[in-house]
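For reference, the structure discussed in these notes is given below.
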Amino acid sequence: MNRIDRRFDEVLSRGRTALVPFVTAGDPLPQATVAVMHALVEAGADLIELGVPFSDPMADGPVIQHADERALRRHVGIADILGWVREFRERDTDTPIVLMGYLNPIETHGIECFACEAVAAGVDGALVVDCPIEEGATLQPLRDAGLRRILLVAPTTSDARLAHAIEAGEGYLYYVSFAGITGAARLSAVDIAQRVSGLRARARVPVAVGFGIKDAEGAKAVAAFSDAVVIGSALVEALAGAATHDDACRRAREFLAPIRAALGED
Amino acid sequence: MASDAEDFGSQMKDIDYHAFPDQHGRFGAYGGTFVAETLIAPLEELTEAYTRLRDDPDFQREFDDDLKHYVGRPSPIYHARRLSERIGGAQILLKREDLNHTGAHKINNTVGQALVARAMGKRRIIAETGAGQHGVATATVCARFGMQCVVYMGAVDIERQKINVHRMKLLGAEVVPVTSGSRTLKDALNEALRDWVTNVAGTFYIIGTVAGPHPYPMMVRDFNAVVGREARAQMLERYGRLPDVLTACVGGGSNAIGLFHAFLNDREVRIVGAEAAGEGLASGRHAASLAAGRPGVLHGNRTYVLCDDDGQIVETHSLSAGLDYPGVGPEHAFLKDSGRAEYVGVSDDEALAAFHLLCETEGILPALESSHAVAQAIKLARGMPEDGLILCNLSGRGDKDVHTIAQREGLPL
Ligand SMILES: Cc1ncc(COP(=O)(O)O)c(C=O)c1O
């Protein structure tokens with residue numbers, strides 16, 4: 001069984017909401033990524049989304065753009081990232097890992113090659129931001145290799161497409177909380193509650209909500225009607241500027257622990 | 001059994017090049033809709049609106065009327081006699097898009113898209129620009145229709161195209177400097193897409209070239225295709241035949257496809273696109289996506305891109321801001337692979353030499369972008385007989401580049 005499915009089974013059967021932090025691989029310090037991932041798990045992460053940096057992240061706001069730029073200045077590439085996942089798996093064989101990024105780096109690496117190497121390294125799913133359902137055939141090799149294909153659902157998604165996403169989505173559906181880029185301050189839990197609840201009632205997989213969740217309060221509000229809460233930009237911002245490996249881990253724990261507490265501990 | 005290559009060759013002979021893109025926005029293996037989920041709905045809305053308007057005689061009549069009375073079409077074809085004599089070879093004919101209102105082909109597209117925006121009830125227009133020509137053309141139509149206009153422009157381009165920045169402001173547009181990435185056209189496009197995704201409801205994004213997700217490569221081509229339709233008729237009327245060769249510069253590819261499209265099924269007409277080879281293809285400092293890139297995905301479509309072995313889009317270089325783009329319209333990628341068109345690099349120095357030669361021999365000051373097409377026409381003319389005809393798209397005028405050229409040649413203004 002795929003780790004994503006198993007983890008959601010566990011979390012949801014205990015009546016909890018999953019906590020999903022996003023960090024850009026290789027930022028703030030390439031050598032700290034594995035330790036930061038472990039620190040996030042210690043602080044209560046149920047699943048980790050690992051951003052694959054891209055030169056042209058058109059769906060991302062300034063915080064993640066800058067994280068990508070910093071990582072790319074250090075030449076972080078897919079081979080490095082898969083290496084870190086492999087290293088992470090030496091100590092953690094349970095926490096699911098989803099790679100999130102854009103198509104061009106994956107295709108340039110070779111999509112079949114990427115799929116096999118990712119599975120071998122211990123990756124469980126992929127969210128390719130600029131590859132919507134219509135272009136899904138492109139990503140078939142990922143599914144063939146056993147990776148879950150995570151789909152985005154947006155406030156602008158039509159009902160017809162929603163049905164399609166529900167049909168095709170695997171692992172979890174990622175509901176984008178507002179029309180905008182990552183990190184914008186536009187989250188309104190009240191506005192999205194009804195739509196997310198409706199989606200959850202129809203979906204075959206859990207529904208995660210992300211974009212704009214910054215702190216314990218926002219996470220708690222969203223947790224009331226979702227299966228998982230994704231926190232990206234605010235965490236990436238908290239990590240930015242960490243001077244050392246230990247500093248980065250401390251920041252990761254201090255950022256995530258209060259959010260875990262707000263969502264309820266085990 | 002026929003080899004794959006032979007199969008492909010015979011298939012190409014039968015291709016109706018006017019049948020693309022398909023309903024998914026694909027030109028063979030290229031094009032498509034590679035965007036984040038939030039943008040799918042506005043793109044579908046746009047596709048639906050445009051598909052309807054395309055077949056609406058009232059819309060077409062208004063567009064044609066604006067092209068005639070506002071843009072100043074048809075643009076003439078001018079026989080550059082002294083230039084041709086100086087070269088000694090085929091005759092070079094110039095399709096004078098530089099004579100359009102605002103000084104480039106870009107206005108054909110912005111007039112069309114502004115009409116689409118108006119029909120869709122959108123009052124806020126956004127655009128990206130490199131050389132500033134598309135920004136000016138967008139600000140112009142917004143002023144005319146009383147629409148709000150926001151133009152994203154790379155900080156590097158703002159520096160080298162100051163005159164156009166000021167023109168946009170005079171026309172009432174807000175020019176937003178983009179400081180992410182390489183601070184040029186590709187980053188301005190990213191930023192415009194981010195604006196659009198944030199303000200989907202009331203905003204219309206006027207993309208300035210045949211790139212971006214479907215339906216943009218098709219729509220922008222359709223609006224520029226007037227260039228080739230006119231030129232084809234003008235050739236038949238004045239010379240009684242089609243040209244032997246077409247040349248145009250290729251940044252994103254809108255002026256090139258504008259000229260080429262009407263001729264794609266005329267197999268006897270050779271088609272050559274000139275990309276920016278900057279300091280030379282071997283130097284790595286260029287913007288020749290087709291001549292030196294590889295298939296990839298950028299800005300919503302599959303096409304040839306310039307990227308490194310990690311798939312990261314690389315910084316490009318060209319003296320002309322309008323060609324400084326690491327991707328290219330997907331239809332050109334398709335035309336390259338099918339063999340219908342050739343794409344070659346023209347260096348900064350070659351373009352500059354052509355610029356001066358055209359100024360001297362014909363009293364025409366071409367845009368640096370267009371100078372690449374002129375340079376390519378000159379190269380081809382040398383190897384052709386005197387009764388050969390080369391039709392070169394003079395996509396814009398060079399007033400905006402006077403500063404850049406003076407600086408490059410050490411003449412402070
Ligand atoms: C005069 C002129 N020609 C050509 C271009 C390149 O664009 P495209 O390749 O889309 O025609 C530009 C772009 O700014 C331009 O201003």
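In the structure tokens, the first chain shown is A, the next is B, and so on; residue numbers restart at 1 for each chain, and ligands run from 1 in the order shown.
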
Worksheet entry | Selection within 9 Å of ligand 1 by only C-alpha atoms and all ligand atoms, output as an MDAnalysis selection string | chainID B and resid 97:98 103:106 129:135 208:211 248:258 275 320:324 328:329 366:371 393:398

Item to complete: Specify as number ranges by chain all residues of chain B found within 10 Å of chain A, counting only C-alpha atoms.
Response: B: 24, 32-42, 180-182, 186-187, 189-201, 294-302, 305, 307-315

Discussion item. Can you pull out the residues contacting A:Asp215? Cut-off 9 Å, using only C-alpha atoms, and skip same-chain residues under 2 positions away; I want them as number ranges by chain.
Written reply: A: 213, 217-220, 231, 234, 255-256, 258-259

Worksheet item: Just asking: which residues within stretch 67-163 of chain B are alpha helix (DSSP H) according to DSSP, as a ChimeraX atom specification?
Response: /B:81-87,106-119,133-145,155-160,162-163

Worksheet item: Using only C-alpha atoms, which of the listed residues (A:Leu147, A:Ala242, A:Ile81, A:Val229) sits closest to A:Ala45?
Response: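 Closest candidate: A:Val229.
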
Worksheet item: Nearest to A:Met1 among A:Gly183, A:Ala228, A:Met100, A:Gly146, with distances taken over only C-alpha atoms: which residue is it?
Response: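 Smallest distance to A:Met1 is found for A:Gly146.
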
Item to complete: To one decimal in Å, tell me the separation between atom CA of B:Ala90 and atom CA of B:Glu350.
Response: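 A separation of 18.7 Å between them.
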
Worksheet item: If we count only C-alpha atoms, what is near A:Gln31 at a cut-off of 12 Å, once residues fewer than 2 positions away on the same chain are taken out, given as a PyMOL selection string?
Response: chain A and resi 25-29+33-37+71+74+76+80-81+83-84+87+243-246+248-249

Discussion item. As an exercise, work out the distance from atom CA of A:Ala189 to atom CA of A:Ser226 in Å and give it to one decimal place.
Written reply: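 These two atoms are separated by 10.6 Å.
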
Discussion item. Could you tell me how far atom CA of B:Arg285 sits from atom CA of B:Val175, in Å to one decimal place?
Written reply: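 Interatomic distance here is 27.7 Å.
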